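Quick notes on the structure that follows.
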Amino acid sequence: MKIATWNINGVKARLEAALTWLKEASPDVVCLQEVKSVDEGFPADAFESIGYNLAVHGQKGFNGVAILSKQRPEDVRRRLPGNDGDEQARFIEATFSVGRGAVHVVSLYLPNGNPVGTEKFAYKLGWMQRFEARAHELLALEIPVVLAGDYNVIPEPRDAKRPDVWLNDALFQPESRAAWRRLIHLGYTDATRAGDPAADVYTFWDYQAGAWQKNDGIRIDHLLLSPQAADRRVATGVDKHVRAWEKPSDHVPVWVELALD
DNA sequence: ATGCCTTGTCGCACAAGA
């Protein structure tokens, strides 16, 4: 089962690219972030016509997450638990039957958190704490779990072409990186790193200042695997070529393939 | 030091992104 994550930066603006990529990559499950659409505005027909089911948690103008899947999603849940007052659409999860078992998939869009020292950064850290609690709960299922999305965290210096310019950014703060490490310490595996320990693996290149042309990127889109998922990991990849397409998102798809049955 | 681009919302610029 091939499971991918992609911050699409506007599902309507990216529809043509998304359909091209889906046909080319043929993922079984796709976690989307920043769809920037309410549920009713989501171009569902286009995805359904090429064989994908749809679970959306939309929001007007900003944020918004979704899960596309060849199989029908079960037990779809929207909203990250732990703060009923949080209106930002950044979390959706679903279960998929596989043989006699199941795999659980989360699509998450972690807050950016800039500027540091504001309530936006506090919201990011609070969100990460709530997410850690949910990640911990999911381990108790003892099944393959994939936490996929835009984490807005640069885990280590090697995950940025120029780590020095990110030192004062919310994505690279010690608190953000420590919260990321707590997820690892729970027992989750960074799928991309497990598959490719080399530097220079990036998933985001800014639209500005020729970042793509200079390969001035960062790695912030991640798939975290529960032990039962990590046991079954057979391949990982970053579809970097998509960044060179016409009208690209600033993020590219990242994926993992699990041998499940 | 700041903008550099891009999207969506309405608007005839702006917020937010990272």
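Just remember, in the structure tokens the first chain shown is A, the second B, etc., residues are 1-based per chain, and ligands are 1-based in the order shown.
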### Query
Using only C-alpha atoms (C1' of nucleotides), which chain B residues lie at most 10 Å away from chain A, written as a list in words?
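That gives the following set of residues: DG3, DC4, DC5, DT6, DT7, DG8, DT9, DA16, DG17 and DA18 of chain B.
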### Query
Can you tell me, as a count of residues only, what residues are no more than 12 Å from A:Tyr123 when counting only C-alpha atoms (C1' of nucleotides), ignoring any on the same chain fewer than 6 positions away?
17
#### Entry: Atom pair atom CA of A:Arg177 / atom CA of A:Val11: separation (Å)
29.0 Å
#### Entry: Nearest candidate to A:Arg243 (options A:Gly149, A:Gly217, A:Pro227, A:Gly195; using only C-alpha atoms)
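With only C-alpha atoms as the atom set, the closest residue is A:Gly217.
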### Message
Report as a PyMOL selection string all protein, DNA and RNA residues lying within 9 Å of A:Cys31, evaluated on only C-alpha atoms (C1' of nucleotides), omitting residues in the same chain fewer than 5 positions from it.
### Response
chain A and resi 3-7+65-69+92+105-108+148-149
### Test item: residues at most 12 Å from A:His241, only C-alpha atoms (C1' of nucleotides), excluding those fewer than 5 positions along its chain, as a VMD selection string
chain A and resid 17 21 24 to 25 202 to 204 212 246 248 to 254
Helix (DSSP H, G or I) call set, DSSP backbone run, stretch 102-228 of chain A, as a tab-separated table (two decimals) with N, CA and C atoms, in the first residue's frame:
```
chain	number	residue	atom	x	y	z
A	119	GLU	N	1.34	34.67	19.91
A	119	GLU	CA	0.35	33.61	20.21
A	119	GLU	C	0.33	32.55	19.12
A	120	LYS	N	0.83	32.90	17.93
A	120	LYS	CA	0.90	31.91	16.86
A	120	LYS	C	1.90	30.80	17.20
A	121	PHE	N	3.01	31.19	17.81
A	121	PHE	CA	4.00	30.17	18.19
A	121	PHE	C	3.48	29.33	19.36
A	122	ALA	N	2.78	29.99	20.29
A	122	ALA	CA	2.18	29.25	21.41
A	122	ALA	C	1.13	28.26	20.88
A	123	TYR	N	0.37	28.68	19.86
A	123	TYR	CA	-0.63	27.79	19.26
A	123	TYR	C	0.06	26.58	18.62
A	124	LYS	N	1.19	26.82	17.95
A	124	LYS	CA	1.93	25.70	17.34
A	124	LYS	C	2.36	24.68	18.40
A	125	LEU	N	2.97	25.17	19.48
A	125	LEU	CA	3.46	24.26	20.51
A	125	LEU	C	2.30	23.54	21.21
A	126	GLY	N	1.19	24.25	21.45
A	126	GLY	CA	0.02	23.62	22.04
A	126	GLY	C	-0.56	22.54	21.13
A	127	TRP	N	-0.56	22.85	19.83
A	127	TRP	CA	-1.07	21.88	18.84
A	127	TRP	C	-0.19	20.63	18.84
A	128	MET	N	1.13	20.84	18.94
A	128	MET	CA	2.06	19.70	18.94
A	128	MET	C	1.86	18.83	20.18
A	129	GLN	N	1.54	19.48	21.30
A	129	GLN	CA	1.29	18.73	22.53
A	129	GLN	C	0.02	17.88	22.39
A	130	ARG	N	-1.03	18.47	21.82
A	130	ARG	CA	-2.27	17.74	21.58
A	130	ARG	C	-2.03	16.60	20.59
A	131	PHE	N	-1.22	16.87	19.58
A	131	PHE	CA	-0.94	15.85	18.57
A	131	PHE	C	-0.16	14.69	19.18
A	132	GLU	N	0.78	15.01	20.06
A	132	GLU	CA	1.54	13.95	20.73
A	132	GLU	C	0.61	13.03	21.52
A	133	ALA	N	-0.38	13.61	22.17
A	133	ALA	CA	-1.33	12.81	22.94
A	133	ALA	C	-2.10	11.85	22.02
A	134	ARG	N	-2.54	12.37	20.86
A	134	ARG	CA	-3.27	11.52	19.91
A	134	ARG	C	-2.34	10.44	19.33
A	135	ALA	N	-1.11	10.82	19.03
A	135	ALA	CA	-0.13	9.86	18.49
A	135	ALA	C	0.12	8.74	19.50
A	136	HIS	N	0.16	9.10	20.76
A	136	HIS	CA	0.38	8.12	21.82
A	136	HIS	C	-0.79	7.16	21.91
A	137	GLU	N	-2.01	7.70	21.86
A	137	GLU	CA	-3.22	6.86	21.88
A	137	GLU	C	-3.21	5.83	20.75
A	138	LEU	N	-2.80	6.30	19.57
A	138	LEU	CA	-2.87	5.43	18.39
A	138	LEU	C	-1.90	4.25	18.49
A	139	LEU	N	-0.79	4.43	19.23
A	139	LEU	CA	0.16	3.32	19.40
A	139	LEU	C	-0.49	2.13	20.08
A	157	PRO	N	19.63	20.11	11.27
A	157	PRO	CA	20.32	21.01	10.33
A	157	PRO	C	20.45	20.42	8.92
A	158	ARG	N	20.63	19.11	8.81
A	158	ARG	CA	20.79	18.52	7.47
A	158	ARG	C	19.49	18.55	6.67
A	159	ASP	N	18.40	18.94	7.31
A	159	ASP	CA	17.11	19.02	6.63
A	159	ASP	C	16.86	20.40	6.01
A	163	PRO	N	20.76	25.96	6.93
A	163	PRO	CA	20.14	25.93	8.26
A	163	PRO	C	20.28	27.25	9.02
A	164	ASP	N	21.34	28.00	8.75
A	164	ASP	CA	21.57	29.24	9.50
A	164	ASP	C	20.46	30.26	9.32
A	165	VAL	N	19.85	30.31	8.12
A	165	VAL	CA	18.81	31.33	7.88
A	165	VAL	C	17.49	30.97	8.58
A	166	TRP	N	17.37	29.76	9.10
A	166	TRP	CA	16.14	29.32	9.77
A	166	TRP	C	16.24	29.40	11.28
A	170	ALA	N	10.13	29.78	13.38
A	170	ALA	CA	9.36	28.83	14.20
A	170	ALA	C	9.59	27.38	13.76
A	171	LEU	N	9.93	27.16	12.49
A	171	LEU	CA	10.10	25.80	11.97
A	171	LEU	C	11.34	25.10	12.52
A	172	PHE	N	12.28	25.93	13.04
A	172	PHE	CA	13.57	25.38	13.45
A	172	PHE	C	13.91	25.76	14.89
A	174	PRO	N	14.28	25.38	18.91
A	174	PRO	CA	14.55	24.23	19.79
A	174	PRO	C	13.27	23.59	20.31
A	175	GLU	N	12.25	24.41	20.66
A	175	GLU	CA	10.98	23.86	21.19
A	175	GLU	C	10.25	23.04	20.13
A	176	SER	N	10.26	23.52	18.88
A	176	SER	CA	9.59	22.80	17.80
A	176	SER	C	10.30	21.47	17.54
A	177	ARG	N	11.63	21.52	17.53
A	177	ARG	CA	12.41	20.31	17.26
A	177	ARG	C	12.29	19.31	18.41
A	178	ALA	N	12.20	19.83	19.65
A	178	ALA	CA	12.04	18.93	20.80
A	178	ALA	C	10.69	18.23	20.76
A	179	ALA	N	9.65	18.97	20.34
A	179	ALA	CA	8.31	18.37	20.24
A	179	ALA	C	8.31	17.29	19.16
A	180	TRP	N	9.02	17.53	18.08
A	180	TRP	CA	9.18	16.50	17.03
A	180	TRP	C	9.89	15.26	17.59
A	181	ARG	N	10.97	15.49	18.36
A	181	ARG	CA	11.72	14.36	18.91
A	181	ARG	C	10.87	13.54	19.88
A	182	ARG	N	9.95	14.22	20.59
A	182	ARG	CA	9.07	13.47	21.50
A	182	ARG	C	8.23	12.45	20.73
A	183	LEU	N	7.85	12.80	19.50
A	183	LEU	CA	7.10	11.84	18.66
A	183	LEU	C	7.98	10.64	18.30
A	184	ILE	N	9.24	10.93	18.00
A	184	ILE	CA	10.18	9.86	17.69
A	184	ILE	C	10.39	8.98	18.94
A	185	HIS	N	10.53	9.63	20.08
A	185	HIS	CA	10.78	8.88	21.32
A	185	HIS	C	9.59	8.02	21.73
A	186	LEU	N	8.40	8.41	21.29
A	186	LEU	CA	7.22	7.56	21.54
A	186	LEU	C	7.36	6.21	20.85
A	191	ALA	N	9.83	8.06	8.14
A	191	ALA	CA	9.91	7.13	7.00
A	191	ALA	C	10.95	7.57	5.97
A	192	THR	N	10.99	8.86	5.65
A	192	THR	CA	11.92	9.34	4.62
A	192	THR	C	13.36	9.14	5.06
A	193	ARG	N	13.65	9.44	6.32
A	193	ARG	CA	15.01	9.27	6.84
A	193	ARG	C	15.40	7.80	6.92
A	194	ALA	N	14.43	6.95	7.26
A	194	ALA	CA	14.72	5.51	7.32
A	194	ALA	C	15.08	4.98	5.94
A	195	GLY	N	14.50	5.62	4.91
A	195	GLY	CA	14.75	5.16	3.55
A	195	GLY	C	15.94	5.82	2.90
A	227	PRO	N	5.53	1.36	15.01
A	227	PRO	CA	6.42	0.20	14.84
A	227	PRO	C	5.87	-0.84	13.87
A	228	GLN	N	4.54	-1.07	13.93
A	228	GLN	CA	3.94	-2.07	13.05
A	228	GLN	C	3.97	-1.64	11.59
```
### Message
I'd like to know which residues of stretch 16-144 of chain A are strand (DSSP E) (by DSSP, run on the backbone); could you write them as a PyMOL selection string?
### Response
chain A and resi 29-33+53-57+65-69+74-78+91-98+101-109
Go ahead and dump the residues you just picked, N, CA and C atoms, as a compact mmCIF listing (two decimals), in the first residue's frame.
```
# COMPACT_ATOMS: atom_id res chain seq x y z
N VAL A 29 -3.39 5.85 -0.94
CA VAL A 29 -3.94 6.84 -0.02
C VAL A 29 -3.12 8.12 -0.16
N VAL A 30 -3.80 9.26 -0.22
CA VAL A 30 -3.11 10.55 -0.32
C VAL A 30 -3.64 11.49 0.75
N CYS A 31 -2.73 12.00 1.57
CA CYS A 31 -3.08 13.00 2.57
C CYS A 31 -2.75 14.37 2.00
N LEU A 32 -3.77 15.21 1.90
CA LEU A 32 -3.57 16.56 1.35
C LEU A 32 -3.67 17.59 2.47
N GLN A 33 -2.88 18.67 2.30
CA GLN A 33 -2.96 19.79 3.24
C GLN A 33 -3.07 21.10 2.46
N ASN A 53 -11.89 7.79 -3.46
CA ASN A 53 -12.84 8.22 -2.43
C ASN A 53 -12.28 9.46 -1.77
N LEU A 54 -13.14 10.15 -1.04
CA LEU A 54 -12.79 11.47 -0.55
C LEU A 54 -13.26 11.66 0.88
N ALA A 55 -12.37 12.13 1.76
CA ALA A 55 -12.78 12.57 3.10
C ALA A 55 -12.14 13.94 3.31
N VAL A 56 -12.95 14.96 3.56
CA VAL A 56 -12.45 16.33 3.60
C VAL A 56 -12.80 16.99 4.92
N HIS A 57 -11.85 17.77 5.43
CA HIS A 57 -12.14 18.71 6.52
C HIS A 57 -11.71 20.08 6.01
N VAL A 65 -7.71 20.09 5.18
CA VAL A 65 -7.00 18.83 4.94
C VAL A 65 -7.97 17.83 4.34
N ALA A 66 -7.41 16.79 3.73
CA ALA A 66 -8.26 15.78 3.09
C ALA A 66 -7.49 14.47 2.99
N ILE A 67 -8.24 13.39 2.80
CA ILE A 67 -7.66 12.09 2.50
C ILE A 67 -8.35 11.53 1.26
N LEU A 68 -7.56 11.28 0.22
CA LEU A 68 -8.05 10.60 -0.97
C LEU A 68 -7.63 9.14 -0.86
N SER A 69 -8.49 8.22 -1.30
CA SER A 69 -8.12 6.81 -1.16
C SER A 69 -8.87 5.96 -2.17
N GLU A 74 -12.87 4.31 6.51
CA GLU A 74 -13.79 3.95 7.61
C GLU A 74 -13.47 4.80 8.83
N ASP A 75 -14.46 5.00 9.66
CA ASP A 75 -14.27 5.73 10.93
C ASP A 75 -13.55 7.05 10.73
N VAL A 76 -14.03 7.86 9.80
CA VAL A 76 -13.39 9.16 9.56
C VAL A 76 -13.62 10.08 10.75
N ARG A 77 -12.53 10.69 11.23
CA ARG A 77 -12.62 11.66 12.33
C ARG A 77 -11.98 12.97 11.90
N ARG A 78 -12.66 14.06 12.20
CA ARG A 78 -12.13 15.39 11.92
C ARG A 78 -11.82 16.08 13.22
N PHE A 91 -6.67 18.69 10.69
CA PHE A 91 -6.52 17.30 11.11
C PHE A 91 -7.69 16.47 10.62
N ILE A 92 -7.39 15.34 9.97
CA ILE A 92 -8.42 14.37 9.63
C ILE A 92 -7.77 12.99 9.65
N GLU A 93 -8.50 11.98 10.09
CA GLU A 93 -7.93 10.64 10.17
C GLU A 93 -8.97 9.61 9.77
N ALA A 94 -8.50 8.46 9.29
CA ALA A 94 -9.40 7.40 8.85
C ALA A 94 -8.69 6.06 8.93
N THR A 95 -9.48 5.00 8.94
CA THR A 95 -8.95 3.63 8.97
C THR A 95 -9.28 2.94 7.65
N PHE A 96 -8.37 2.08 7.20
CA PHE A 96 -8.59 1.30 5.98
C PHE A 96 -8.40 -0.18 6.29
N SER A 97 -9.34 -1.00 5.86
CA SER A 97 -9.22 -2.44 6.05
C SER A 97 -8.18 -3.00 5.09
N VAL A 98 -7.35 -3.89 5.62
CA VAL A 98 -6.35 -4.56 4.79
C VAL A 98 -6.34 -6.03 5.18
N GLY A 101 -6.67 -7.30 8.76
CA GLY A 101 -6.28 -6.22 9.66
C GLY A 101 -6.70 -4.85 9.16
N ALA A 102 -5.95 -3.82 9.59
CA ALA A 102 -6.29 -2.46 9.21
C ALA A 102 -5.05 -1.59 9.29
N VAL A 103 -5.08 -0.47 8.56
CA VAL A 103 -4.06 0.56 8.69
C VAL A 103 -4.77 1.87 8.99
N HIS A 104 -4.18 2.66 9.88
CA HIS A 104 -4.79 3.93 10.28
C HIS A 104 -3.93 5.07 9.73
N VAL A 105 -4.59 6.05 9.11
CA VAL A 105 -3.87 7.14 8.45
C VAL A 105 -4.38 8.49 8.94
N VAL A 106 -3.43 9.37 9.28
CA VAL A 106 -3.74 10.74 9.71
C VAL A 106 -3.18 11.72 8.70
N SER A 107 -3.99 12.69 8.28
CA SER A 107 -3.50 13.81 7.46
C SER A 107 -3.50 15.05 8.33
N LEU A 108 -2.30 15.63 8.53
CA LEU A 108 -2.18 16.76 9.45
C LEU A 108 -1.48 17.94 8.80
N TYR A 109 -1.93 19.13 9.20
CA TYR A 109 -1.29 20.38 8.77
C TYR A 109 -0.94 21.16 10.03
```
